[in-house]
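Listing of data-v6.cif, mmCIF, C-alpha atoms and all ligand atoms
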```cif
data_entry
#
loop_
_atom_site.label_atom_id
_atom_site.label_comp_id
_atom_site.auth_asym_id
_atom_site.auth_seq_id
_atom_site.Cartn_x
_atom_site.Cartn_y
_atom_site.Cartn_z
CA MET A 1 5.90 -3.15 -26.64
CA ALA A 2 6.32 -1.12 -29.83
CA ARG A 3 2.51 -0.97 -30.11
CA ARG A 4 2.23 0.40 -26.60
CA GLU A 5 4.82 3.10 -27.30
CA ALA A 6 2.95 4.01 -30.52
CA LEU A 7 -0.27 4.24 -28.53
CA LEU A 8 1.48 6.50 -26.00
CA ASP A 9 2.66 8.80 -28.79
CA ALA A 10 -0.81 8.97 -30.30
CA TRP A 11 -2.44 9.50 -26.91
CA LEU A 12 -0.14 12.08 -25.34
CA GLY A 13 0.91 13.94 -28.47
CA PRO A 14 3.79 16.40 -27.94
CA ALA A 15 3.57 15.88 -24.14
CA ALA A 16 4.87 12.31 -24.76
CA LEU A 17 8.34 13.77 -25.25
CA ASP A 18 8.54 14.58 -21.55
CA ALA A 19 9.94 11.54 -19.71
CA GLY A 20 7.87 12.05 -16.55
CA THR A 21 4.60 12.44 -18.46
CA ARG A 22 5.42 9.44 -20.63
CA GLU A 23 6.10 7.29 -17.54
CA THR A 24 2.81 8.37 -15.92
CA GLY A 25 0.98 7.61 -19.19
CA ARG A 26 2.64 4.20 -19.34
CA GLN A 27 1.55 3.45 -15.77
CA LEU A 28 -2.00 4.54 -16.54
CA LEU A 29 -2.20 2.20 -19.54
CA GLU A 30 -0.83 -0.64 -17.39
CA GLN A 31 -3.46 0.07 -14.74
CA LEU A 32 -6.17 0.18 -17.40
CA ALA A 33 -5.06 -3.23 -18.72
CA GLN A 34 -5.11 -4.60 -15.18
CA ALA A 35 -8.48 -3.08 -14.36
CA LEU A 36 -9.84 -4.76 -17.50
CA ASP A 37 -8.23 -8.08 -16.65
CA LEU A 38 -9.75 -8.05 -13.20
CA ASN A 39 -12.93 -6.24 -14.04
CA HIS A 40 -12.12 -3.65 -11.36
CA HIS A 41 -12.54 -0.15 -12.68
CA GLY A 42 -11.64 1.20 -9.21
CA LEU A 43 -7.94 0.49 -9.81
CA PHE A 44 -7.87 2.69 -12.88
CA ALA A 45 -9.99 5.41 -11.24
CA TYR A 46 -7.46 5.61 -8.39
CA SER A 47 -4.57 5.87 -10.84
CA VAL A 48 -6.16 8.74 -12.71
CA LYS A 49 -6.79 10.60 -9.45
CA TRP A 50 -3.21 9.95 -8.39
CA SER A 51 -1.86 11.24 -11.71
CA ARG A 52 -3.79 14.47 -11.31
CA LEU A 53 -1.78 15.34 -8.22
CA ILE A 54 1.60 14.97 -9.88
CA SER A 55 3.05 18.42 -9.95
CA PRO A 56 4.44 20.17 -13.01
CA GLY A 57 7.94 19.92 -11.56
CA LYS A 58 7.89 16.13 -11.64
CA SER A 59 6.23 15.58 -15.01
CA GLY A 60 7.40 18.57 -17.02
CA ASN A 61 4.34 19.81 -18.85
CA SER A 62 1.72 19.09 -16.20
CA PRO A 63 -0.76 17.58 -18.64
CA ASP A 64 -4.48 17.64 -17.98
CA TRP A 65 -4.98 13.93 -17.30
CA ARG A 66 -8.72 14.26 -17.27
CA ARG A 67 -8.80 15.63 -20.78
CA LEU A 68 -6.29 13.02 -21.93
CA CYS A 69 -8.41 10.21 -20.48
CA GLU A 70 -11.41 11.51 -22.36
CA LYS A 71 -9.45 10.95 -25.58
CA LEU A 72 -8.54 7.40 -24.61
CA PRO A 73 -11.67 5.39 -25.64
CA ALA A 74 -11.51 6.60 -29.25
CA LEU A 75 -7.82 5.75 -29.47
CA LEU A 76 -8.28 2.34 -27.92
CA ALA A 77 -11.00 1.60 -30.49
CA ASP A 78 -8.22 1.85 -33.11
CA HIS A 79 -5.84 -0.37 -31.15
CA LEU A 80 -8.03 -3.08 -29.57
CA PRO A 81 -10.57 -5.68 -30.78
CA VAL A 82 -14.15 -4.34 -30.68
CA GLU A 83 -15.23 -6.10 -27.48
CA GLU A 84 -12.12 -5.16 -25.52
CA ALA A 85 -12.40 -1.55 -26.70
CA ALA A 86 -16.01 -1.47 -25.48
CA GLU A 87 -14.95 -2.82 -22.06
CA ALA A 88 -12.09 -0.31 -21.89
CA ARG A 89 -14.51 2.50 -22.67
CA LYS A 90 -16.67 1.46 -19.71
CA VAL A 91 -13.67 1.44 -17.34
CA VAL A 92 -12.43 4.83 -18.53
CA GLU A 93 -15.90 6.37 -18.35
CA ALA A 94 -16.48 5.02 -14.83
CA ALA A 95 -13.16 6.55 -13.73
CA LEU A 96 -13.97 9.88 -15.34
CA ALA A 97 -17.38 9.93 -13.68
CA GLU A 98 -15.61 9.99 -10.30
CA LEU A 99 -13.24 12.82 -11.16
CA PRO A 100 -15.38 15.96 -11.05
CA ILE A 101 -16.54 15.32 -7.51
CA GLU A 102 -13.37 13.77 -6.10
CA LYS A 103 -10.43 15.93 -5.18
CA PRO A 104 -7.08 14.48 -6.24
CA VAL A 105 -5.97 11.72 -3.84
CA GLY A 106 -4.34 13.21 -0.77
CA SER A 107 -4.83 16.81 -1.88
CA SER A 108 -5.72 17.95 1.63
CA GLY A 109 -2.88 16.22 3.45
CA PHE A 110 -2.82 13.26 5.84
CA LEU A 111 -2.08 14.90 9.21
CA ARG A 112 -4.99 15.63 11.54
CA GLU A 113 -3.64 18.37 13.75
CA LYS A 114 -6.80 18.87 15.81
CA THR A 115 -5.96 15.83 17.93
CA SER A 116 -2.99 15.67 20.29
CA LEU A 117 -1.41 12.73 18.43
CA GLY A 118 -2.08 14.58 15.18
CA ARG A 119 -0.10 17.54 16.51
CA MET A 120 2.62 15.21 17.61
CA ALA A 121 2.70 13.67 14.13
CA ARG A 122 3.25 17.17 12.74
CA ASP A 123 6.14 17.81 15.18
CA TYR A 124 7.57 14.38 14.37
CA LEU A 125 7.51 15.08 10.63
CA ASP A 126 8.93 18.59 11.11
CA ALA A 127 11.81 17.12 13.12
CA LEU A 128 12.53 14.60 10.36
CA LEU A 129 12.33 17.31 7.70
CA GLN A 130 15.06 19.10 9.62
CA GLY A 131 17.12 15.91 9.66
CA ASP A 132 16.67 15.61 13.44
CA ARG A 133 16.07 11.94 14.21
CA ALA A 134 16.89 12.33 17.91
CA THR A 135 14.01 14.77 18.47
CA ALA A 136 11.62 12.59 16.43
CA SER A 137 12.62 9.55 18.46
CA ASN A 138 12.29 11.40 21.80
CA LEU A 139 8.80 12.60 20.90
CA VAL A 140 7.70 9.00 20.36
CA LEU A 141 9.47 7.48 23.35
CA ARG A 142 8.14 10.17 25.69
CA GLU A 143 4.61 9.63 24.42
CA VAL A 144 4.84 5.89 25.02
CA GLU A 145 6.25 6.47 28.50
CA LYS A 146 3.23 8.65 29.25
CA GLY A 147 1.10 5.57 28.57
CA THR A 148 0.04 5.97 24.94
CA CYS A 149 -0.32 2.56 23.35
CA VAL A 150 2.23 1.60 20.70
CA LYS A 151 -0.63 0.75 18.32
CA GLU A 152 -1.87 4.35 18.55
CA ILE A 153 1.60 5.63 17.68
CA TYR A 154 1.68 3.32 14.69
CA LEU A 155 -1.73 4.31 13.32
CA ARG A 156 -1.84 7.99 14.30
CA VAL A 157 1.78 9.01 13.91
CA PHE A 158 3.89 6.70 11.71
CA GLN A 159 1.16 5.82 9.20
CA PRO A 160 -0.13 9.35 8.46
CA VAL A 161 3.41 10.75 8.49
CA GLN A 162 4.52 8.18 5.90
CA ARG A 163 1.49 8.99 3.76
CA GLU A 164 2.22 12.70 4.07
CA VAL A 165 5.81 12.00 3.06
CA GLY A 166 4.44 10.27 -0.06
CA ARG A 167 2.23 13.26 -0.83
CA LEU A 168 5.12 15.68 -0.44
CA TRP A 169 7.24 13.53 -2.75
CA GLN A 170 4.42 13.22 -5.29
CA THR A 171 3.89 16.97 -5.39
CA ASN A 172 7.60 17.56 -5.72
CA ARG A 173 8.03 19.20 -2.32
CA MET A 174 10.33 16.51 -1.05
CA THR A 175 13.23 14.79 -2.79
CA VAL A 176 13.63 11.04 -3.02
CA ALA A 177 16.58 11.33 -0.61
CA GLN A 178 14.41 13.13 1.97
CA GLU A 179 11.71 10.46 1.59
CA HIS A 180 14.32 7.71 2.08
CA PHE A 181 15.66 9.53 5.17
CA CYS A 182 12.18 9.83 6.75
CA THR A 183 11.35 6.20 5.98
CA ALA A 184 14.65 4.91 7.37
CA ALA A 185 14.25 7.06 10.50
CA THR A 186 10.74 5.76 11.10
CA GLN A 187 11.93 2.17 10.72
CA LEU A 188 14.67 2.90 13.25
CA ILE A 189 12.22 4.44 15.72
CA MET A 190 9.80 1.53 15.28
CA SER A 191 12.66 -0.77 16.31
CA GLN A 192 13.19 1.27 19.48
CA LEU A 193 9.67 0.25 20.49
CA TYR A 194 10.36 -3.49 20.13
CA PRO A 195 10.98 -4.20 23.82
CA ARG A 196 7.30 -3.26 24.30
CA ILE A 197 6.09 -5.17 21.27
CA PHE A 198 7.61 -8.51 22.26
CA ALA A 199 6.67 -8.23 25.94
CA GLY A 200 3.23 -9.86 25.98
CA LYS A 201 1.94 -13.36 26.72
CA LYS A 202 1.78 -15.76 23.74
CA ASN A 203 -1.48 -17.27 22.47
CA GLY A 204 0.01 -20.19 20.51
CA PHE A 205 -1.00 -19.00 17.04
CA THR A 206 1.57 -18.37 14.30
CA LEU A 207 1.49 -15.78 11.54
CA VAL A 208 3.75 -15.38 8.50
CA ALA A 209 3.75 -11.84 7.11
CA THR A 210 5.44 -10.50 3.99
CA GLY A 211 5.15 -8.28 0.95
CA VAL A 212 4.81 -10.02 -2.44
CA ALA A 213 7.66 -10.58 -4.88
CA GLY A 214 8.62 -7.31 -6.58
CA GLU A 215 7.06 -5.16 -3.86
CA LEU A 216 9.45 -2.78 -2.05
CA HIS A 217 7.06 -1.14 0.44
CA GLU A 218 7.56 -2.88 3.76
CA ILE A 219 6.38 -0.65 6.61
CA GLY A 220 2.67 -1.43 6.20
CA ILE A 221 3.11 -5.18 6.50
CA ARG A 222 5.64 -4.71 9.30
CA MET A 223 2.98 -2.80 11.21
CA VAL A 224 0.46 -5.55 10.57
CA ALA A 225 2.92 -8.18 11.86
CA ASP A 226 3.71 -6.05 14.94
CA PHE A 227 0.02 -5.69 15.77
CA PHE A 228 -0.29 -9.49 15.74
CA GLU A 229 2.83 -9.82 17.89
CA MET A 230 1.30 -7.36 20.39
CA GLU A 231 -1.85 -9.53 20.40
CA GLY A 232 0.24 -12.52 21.51
CA TRP A 233 0.83 -14.18 18.14
CA ASN A 234 4.12 -15.77 17.22
CA THR A 235 5.02 -13.78 14.10
CA PHE A 236 7.41 -14.39 11.23
CA TYR A 237 7.78 -11.03 9.51
CA CYS A 238 9.94 -11.47 6.39
CA GLY A 239 10.11 -7.91 5.10
CA THR A 240 9.05 -7.74 1.49
CA ASN A 241 9.85 -8.97 -2.02
CA THR A 242 9.80 -12.59 -0.85
CA PRO A 243 9.59 -15.29 -3.56
CA ALA A 244 6.19 -17.03 -3.49
CA ALA A 245 7.60 -20.57 -3.14
CA ASP A 246 9.68 -19.52 -0.12
CA VAL A 247 6.65 -17.98 1.55
CA VAL A 248 4.79 -21.27 1.20
CA ALA A 249 7.77 -23.22 2.56
CA LEU A 250 7.94 -20.95 5.62
CA VAL A 251 4.21 -21.23 6.27
CA GLU A 252 4.59 -25.00 6.13
CA THR A 253 7.67 -25.36 8.35
CA GLU A 254 6.43 -22.91 10.95
CA LYS A 255 2.91 -24.40 10.91
CA ALA A 256 1.42 -20.94 10.51
CA VAL A 257 -2.36 -20.74 10.64
CA LEU A 258 -2.45 -17.33 8.99
CA LEU A 259 -0.55 -15.73 6.12
CA ALA A 260 -0.68 -11.94 5.70
CA VAL A 261 0.51 -10.68 2.32
CA SER A 262 0.93 -7.07 1.35
CA MET A 263 0.95 -5.29 -2.00
CA THR A 264 1.23 -1.53 -2.49
CA MET A 265 1.70 -1.37 -6.25
CA ALA A 266 -1.20 -2.93 -8.18
CA LYS A 267 1.24 -4.14 -10.83
CA HIS A 268 2.24 -6.92 -8.43
CA LEU A 269 -1.19 -8.51 -8.52
CA THR A 270 0.09 -11.48 -10.52
CA SER A 271 2.64 -12.19 -7.76
CA MET A 272 -0.12 -11.91 -5.17
CA ARG A 273 -2.29 -14.41 -7.00
CA GLU A 274 0.69 -16.72 -7.39
CA VAL A 275 1.30 -16.86 -3.61
CA VAL A 276 -2.34 -17.60 -2.94
CA ARG A 277 -2.41 -20.29 -5.64
CA LEU A 278 0.70 -22.03 -4.26
CA ILE A 279 -0.71 -22.02 -0.72
CA ARG A 280 -3.99 -23.49 -1.94
CA ASP A 281 -2.27 -26.10 -4.14
CA ASN A 282 -0.15 -27.47 -1.30
CA PRO A 283 -2.09 -30.07 0.74
CA ARG A 284 -0.11 -29.08 3.86
CA THR A 285 -0.98 -25.38 3.61
CA ARG A 286 -4.28 -25.31 1.76
CA ASP A 287 -6.34 -24.59 4.90
CA VAL A 288 -4.17 -21.70 6.06
CA LYS A 289 -6.17 -18.46 6.18
CA ILE A 290 -4.90 -15.78 3.82
CA LEU A 291 -5.24 -12.10 4.56
CA VAL A 292 -4.24 -9.66 1.82
CA GLY A 293 -3.89 -5.90 2.06
CA GLY A 294 -2.19 -2.68 1.00
CA LEU A 295 -3.12 0.40 -0.98
CA PRO A 296 -4.95 -1.20 -3.97
CA PHE A 297 -7.13 -3.30 -1.67
CA ALA A 298 -8.24 -0.16 0.16
CA GLN A 299 -8.94 1.56 -3.15
CA SER A 300 -10.88 -1.33 -4.62
CA PRO A 301 -12.62 -3.00 -1.70
CA ASP A 302 -13.62 -6.27 -3.42
CA LEU A 303 -10.22 -6.84 -5.05
CA TRP A 304 -9.26 -9.39 -2.38
CA GLN A 305 -11.94 -11.77 -3.63
CA SER A 306 -10.43 -11.89 -7.10
CA CYS A 307 -7.18 -13.07 -5.46
CA GLN A 308 -9.01 -16.01 -3.83
CA ALA A 309 -7.89 -14.72 -0.40
CA ASP A 310 -9.99 -15.08 2.74
CA GLY A 311 -10.23 -11.38 3.49
CA THR A 312 -8.67 -7.95 3.67
CA ALA A 313 -8.48 -5.02 6.07
CA SER A 314 -7.61 -1.42 5.44
CA ASP A 315 -5.17 -1.16 8.34
CA ALA A 316 -3.36 -3.15 11.01
CA ALA A 317 -6.18 -2.73 13.56
CA GLY A 318 -8.70 -4.10 11.05
CA ALA A 319 -6.40 -7.04 10.36
CA ILE A 320 -6.27 -8.22 13.99
CA HIS A 321 -10.00 -7.66 14.37
CA LEU A 322 -10.73 -9.90 11.38
CA ALA A 323 -8.31 -12.59 12.55
CA ALA A 324 -9.80 -12.54 16.06
CA GLY A 325 -13.16 -13.42 14.49
CA TRP A 326 -11.67 -16.21 12.39
CA PHE A 327 -9.74 -17.82 15.24
CA GLY A 328 -12.14 -17.14 18.10
CA LEU A 329 -9.83 -14.81 20.04
CA ASN A 330 -10.99 -12.38 22.68
CA GLU A 331 -9.96 -8.73 23.05
CA ALA A 332 -6.75 -9.70 24.82
CA GLY A 333 -5.81 -11.89 21.83
CA SER A 334 -6.36 -15.16 23.76
CA PRO A 335 -8.63 -18.02 22.66
CA MET A 336 -12.18 -17.55 23.98
CA GLU A 337 -13.43 -19.95 26.66
CA GLY A 338 -16.08 -22.55 25.87
C1 LIG A 401 8.33 4.88 1.65
C2 LIG A 401 7.76 4.72 0.26
C3 LIG A 401 8.54 4.08 -0.69
C4 LIG A 401 9.88 3.41 -0.35
C5 LIG A 401 9.57 2.10 0.45
C6 LIG A 401 10.74 1.74 1.36
C7 LIG A 401 10.38 0.79 2.43
N1 LIG A 401 11.42 0.34 3.10
O1 LIG A 401 9.23 0.43 2.72
C8 LIG A 401 10.49 3.16 -1.77
C9 LIG A 401 11.47 4.27 -2.07
C10 LIG A 401 11.16 1.81 -2.00
C11 LIG A 401 9.27 3.36 -2.68
C12 LIG A 401 9.26 3.00 -4.01
C13 LIG A 401 8.21 3.26 -4.89
N2 LIG A 401 7.09 3.97 -4.61
CO1 LIG A 401 6.55 4.43 -2.83
N3 LIG A 401 5.97 5.18 -1.24
C14 LIG A 401 6.48 5.21 -0.05
C15 LIG A 401 5.51 5.97 0.90
C16 LIG A 401 6.02 7.41 1.03
C17 LIG A 401 5.31 5.41 2.28
C18 LIG A 401 4.91 3.93 2.36
C19 LIG A 401 4.57 3.64 3.80
O2 LIG A 401 5.46 3.37 4.58
N4 LIG A 401 3.27 3.81 4.18
C20 LIG A 401 2.82 3.70 5.56
C21 LIG A 401 2.11 2.36 5.80
C22 LIG A 401 1.83 2.18 7.27
O3 LIG A 401 0.87 2.41 5.12
P1 LIG A 401 0.38 1.23 4.18
O4 LIG A 401 1.54 0.66 3.43
O5 LIG A 401 -0.78 1.68 3.43
O6 LIG A 401 -0.04 0.05 5.21
C23 LIG A 401 -1.26 0.02 5.97
C24 LIG A 401 -2.47 -0.49 5.17
O7 LIG A 401 -2.36 -0.34 3.77
C25 LIG A 401 -2.64 -1.91 5.59
N5 LIG A 401 -1.86 -2.98 4.94
C26 LIG A 401 -0.70 -2.94 4.27
N6 LIG A 401 -0.32 -4.17 3.95
C27 LIG A 401 -1.24 -5.03 4.43
C28 LIG A 401 -1.33 -6.42 4.38
C29 LIG A 401 -2.43 -7.03 4.98
C30 LIG A 401 -2.52 -8.51 4.94
C31 LIG A 401 -3.47 -6.25 5.58
C32 LIG A 401 -4.66 -6.90 6.14
C33 LIG A 401 -3.37 -4.86 5.62
C34 LIG A 401 -2.25 -4.27 5.06
O8 LIG A 401 -2.21 -1.87 6.94
C35 LIG A 401 -1.03 -1.05 7.02
C36 LIG A 401 -0.85 -0.54 8.43
O9 LIG A 401 -2.03 0.05 8.97
C37 LIG A 401 4.18 5.86 0.09
C38 LIG A 401 3.11 6.87 0.46
C39 LIG A 401 1.85 6.20 1.01
N7 LIG A 401 0.70 6.78 0.79
O10 LIG A 401 1.89 5.15 1.62
C40 LIG A 401 4.71 5.90 -1.35
C41 LIG A 401 3.85 5.31 -2.47
C42 LIG A 401 3.15 4.04 -2.01
N8 LIG A 401 4.86 4.99 -3.48
C43 LIG A 401 4.47 5.25 -4.68
C44 LIG A 401 5.25 5.03 -5.85
C45 LIG A 401 4.70 5.58 -7.16
C46 LIG A 401 6.48 4.33 -5.79
C47 LIG A 401 7.38 3.95 -6.96
C48 LIG A 401 6.67 3.45 -8.23
C49 LIG A 401 8.22 5.20 -7.22
C50 LIG A 401 9.18 5.06 -8.38
N9 LIG A 401 8.87 5.76 -9.44
O11 LIG A 401 10.12 4.32 -8.30
C51 LIG A 401 8.27 2.85 -6.32
C52 LIG A 401 7.70 1.41 -6.49
C53 LIG A 401 8.55 0.38 -5.79
C54 LIG A 401 8.02 -1.02 -5.81
N10 LIG A 401 8.38 -1.81 -6.80
O12 LIG A 401 7.32 -1.47 -4.92
C55 LIG A 401 3.07 5.81 -4.71
C56 LIG A 401 2.06 4.78 -5.19
C57 LIG A 401 0.98 5.43 -6.01
C58 LIG A 401 0.09 4.46 -6.73
N11 LIG A 401 -0.34 4.86 -7.87
O13 LIG A 401 -0.24 3.42 -6.30
C59 LIG A 401 2.89 6.31 -3.23
C60 LIG A 401 1.44 6.28 -2.72
C61 LIG A 401 3.46 7.74 -3.14
C62 LIG A 401 2.55 8.77 -3.77
N12 LIG A 401 1.80 9.52 -2.98
O14 LIG A 401 2.52 8.88 -4.96
N13 LIG A 401 8.25 3.96 -2.02
#
```
Will you turn the file into structure tokens for me?
Amino acid sequence: MARREALLDAWLGPAALDAGTRETGRQLLEQLAQALDLNHHGLFAYSVKWSRLISPGKSGNSPDWRRLCEKLPALLADHLPVEEAAEARKVVEAALAELPIEKPVGSSGFLREKTSLGRMARDYLDALLQGDRATASNLVLREVEKGTCVKEIYLRVFQPVQREVGRLWQTNRMTVAQEHFCTAATQLIMSQLYPRIFAGKKNGFTLVATGVAGELHEIGIRMVADFFEMEGWNTFYCGTNTPAADVVALVETEKAVLLAVSMTMAKHLTSMREVVRLIRDNPRTRDVKILVGGLPFAQSPDLWQSCQADGTASDAAGAIHLAAGWFGLNEAGSPMEG
């Protein structure tokens, strides 16, 4: 610990005195260690891009993370054994190679206002920004009454709006309280759609869905679970931060054939691997298919393999598509004939 703090001081120099900058630096070092552990430079590259978007307001001095990362290999050579330092250099250089061409993550916003649902997403977010949940809710309910599928609302309204909320928070244009308000409102409005979600015919397959231990982001995996429910699956959505052993016990008692596990923060990778290991080690659950997903898996497309999972998908639609292939289900979510 003391060594890491000393490294932070050496790396960031006077900027290390600013708490926000120090925290971002700490997270970057953690991501570098993880990228090295897993041999996935993509995780670190994403973190550097993310750090570049943090606004001066949030991190005080607004350091130039690119320039700081360029200094990192030389410093690590002083702090790590030769071979590890050489590996770290490769990861840092690969991340830096992506920076000049890539804009910071999310720099252009997540709402696509050229489509009608994109415009509605804008109105929905504006209503929430004004603290007006009733208008936001009415927009959604009216759209569904007009015949727009709930899945479309999830993927074209709730998902981009939540990502935009994250971008506004990251760039210091939204407070944590506003973010919490928007998130809570969206969860409430999702619940208003439940009579439609639980209305379909069942196909006899059971899914357990949860976020890993330590993970607090729950909307993504809730959407995944709801998509399966709409496809006729019997779903056990357990929110997030569920202890690994309890996930395995639920899979076993409910005789689930599929487990969907979500992780948004890459630092929870150890918990993710633990769940998968416990499922595989239990003779009664070892054949259950495991689908993993969440932000890091979209950033680093082959990360799922290093977790010994069966697959990943970048969104809820991709998840049901993949499962349909595994379990021989047709477009209506029912088992295929013959
Ligand atoms: C709301 C929110 C929170 C809330 C969550 C509350 C809740 N009840 O869920 C709270 C306040 C708890 C929170 C905390 C933090 N957050 Co936050 N949060 C968000 C925010 C704004 C929205 C998340 C969301 O609802 N997304 C919408 C869903 C639909 O998208 P999704 O999760 O990606 O899910 C889709 C796919 O990924 C996929 N998928 C997801 N899971 C799975 C699983 C399977 C099996 C499959 C196949 C697919 C799949 O399908 C989903 C649906 O299509 C995001 C912004 C963003 N870009 O997402 C930041 C964000 C994720 N948070 C971030 C950060 C930094 C944090 C904190 C570290 C902040 C802090 N300093 O405390 C903590 C970490 C907490 C923790 N230990 O987990 C960063 C992460 C950046 C990074 N480097 O990775 C983001 C990106 C914000 C930003 N732009 O900087 N956060």
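Using only C-alpha atoms, the shortest contact distance between A:Val251 and any of A:Leu207, A:Leu291, A:Ala177, A:Ala266 is found at A:Leu207.
Each of A:Pro296, A:Gly204, A:Gly318, A:Gly166 was compared to ligand LIG 401 (chain A) using all atoms listed in the file, and A:Gly166 turns out to be the nearest.
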Next item on the list: Please provide the set of residues having any atom within 9 Å of stretch 219-222 of chain A, restricted to all atoms listed in the file, with same-chain residues fewer than 2 positions apart removed, written as a list in words.
Entry: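 My list of contacting residues is Gln159, Thr183, Thr186, Gln187, Ala209, Thr210, Gly211, His217, Val224, Ala225, Asp226, Phe227, Tyr237, Cys238, Gly239, Thr240, Ala260, Val261, Ser262, Met263, Thr264, Gly293, Gly294, Asp315 and Ala316 of chain A.
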Taking all atoms of ligand LIG 401 (chain A) that the file lists, what box with edges along x, y and z, padded by 6 Å per side, do you get, with centre and edge lengths in Å to one decimal, as JSON?
```
{"center_x": 3.4, "center_y": 0.5, "center_z": -0.2, "size_x": 28.1, "size_y": 30.0, "size_z": 30.4}
```
Next item on the list: Using all atoms listed in the file, find the one residue out of A:Trp11, A:Trp65, A:Trp326, A:Phe297 that sits nearest to ligand LIG 401 (chain A).
Entry: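 Looking only at the distances to ligand LIG 401 (chain A), the closest residue turns out to be A:Phe297.
Around stretch 108-121 of chain A, within 7 Å and counting all atoms listed in the file, the residues found are A:Gly106, A:Asp123, A:Tyr124, A:Leu125, A:Arg156, A:Val157, A:Pro160, A:Val161, A:Arg163, A:Glu164, once anything fewer than 2 positions away on its own chain is removed.
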Item checked: Residue contacts of stretch 82-98 of chain A (10 Å, only C-alpha atoms) excluding same-chain residues fewer than 3 positions away, as a PyMOL selection string -> chain A and resi 32-33+35-36+39-49+66-67+69-79+101-103
Note to self: I'd like the neighbourhood of A:Val208 as a PyMOL selection string, where a residue qualifies if any of its atoms comes within 10 Å (using only C-alpha atoms), though same-chain residues fewer than 6 positions away should be ignored.
What the structure shows: chain A and resi 225+234-238+247-248+250-252+254-261+290
Notebook entry, point to check: Can you tell me, as a VMD selection string, what residues are no more than 7 Å from stretch 132-144 of chain A when counting only C-alpha atoms, ignoring any on the same chain fewer than 5 positions away?
Noted result: chain A and resid 124 127 149 to 150 185 189
Note to self: Which residue is closest to A:Lys289? Choose from A:Tyr154, A:Arg26, A:Thr206, A:Ser314 and count only C-alpha atoms.
What the structure shows: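 Ranked by minimum distance to A:Lys289, first place goes to A:Thr206.
In this model, the gap between atom CA of A:Glu215 and atom CA of A:Ala324 comes to 27.1 Å.
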Checklist line | Nearest candidate to A:Arg277 (options A:Cys307, A:Cys182, A:Ala249, A:Ala19; using all atoms listed in the file) | finding: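 Smallest distance to A:Arg277 is found for A:Cys307.
Minimum atom-to-atom distance to ligand LIG 401 (chain A), evaluated using all atoms listed in the file, belongs to A:Gln162 out of A:Thr24, A:Gln162, A:Thr175, A:Gln308.
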Margin query: For a test of reading the model, state the distance in Å between atom C48 of ligand LIG 401 (chain A) and atom CA of A:Asn241, rounded to one decimal.
Written below: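 About the pair atom C48 of ligand LIG 401 (chain A) and atom CA of A:Asn241: they are 14.2 Å apart.
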Next item on the list: Would you mind reading off the distance between atom C19 of ligand LIG 401 (chain A) and atom CA of A:Gln34, one decimal, in Å?
Entry: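 Atom CA of A:Gln34 lies at a distance of 22.8 Å from atom C19 of ligand LIG 401 (chain A).
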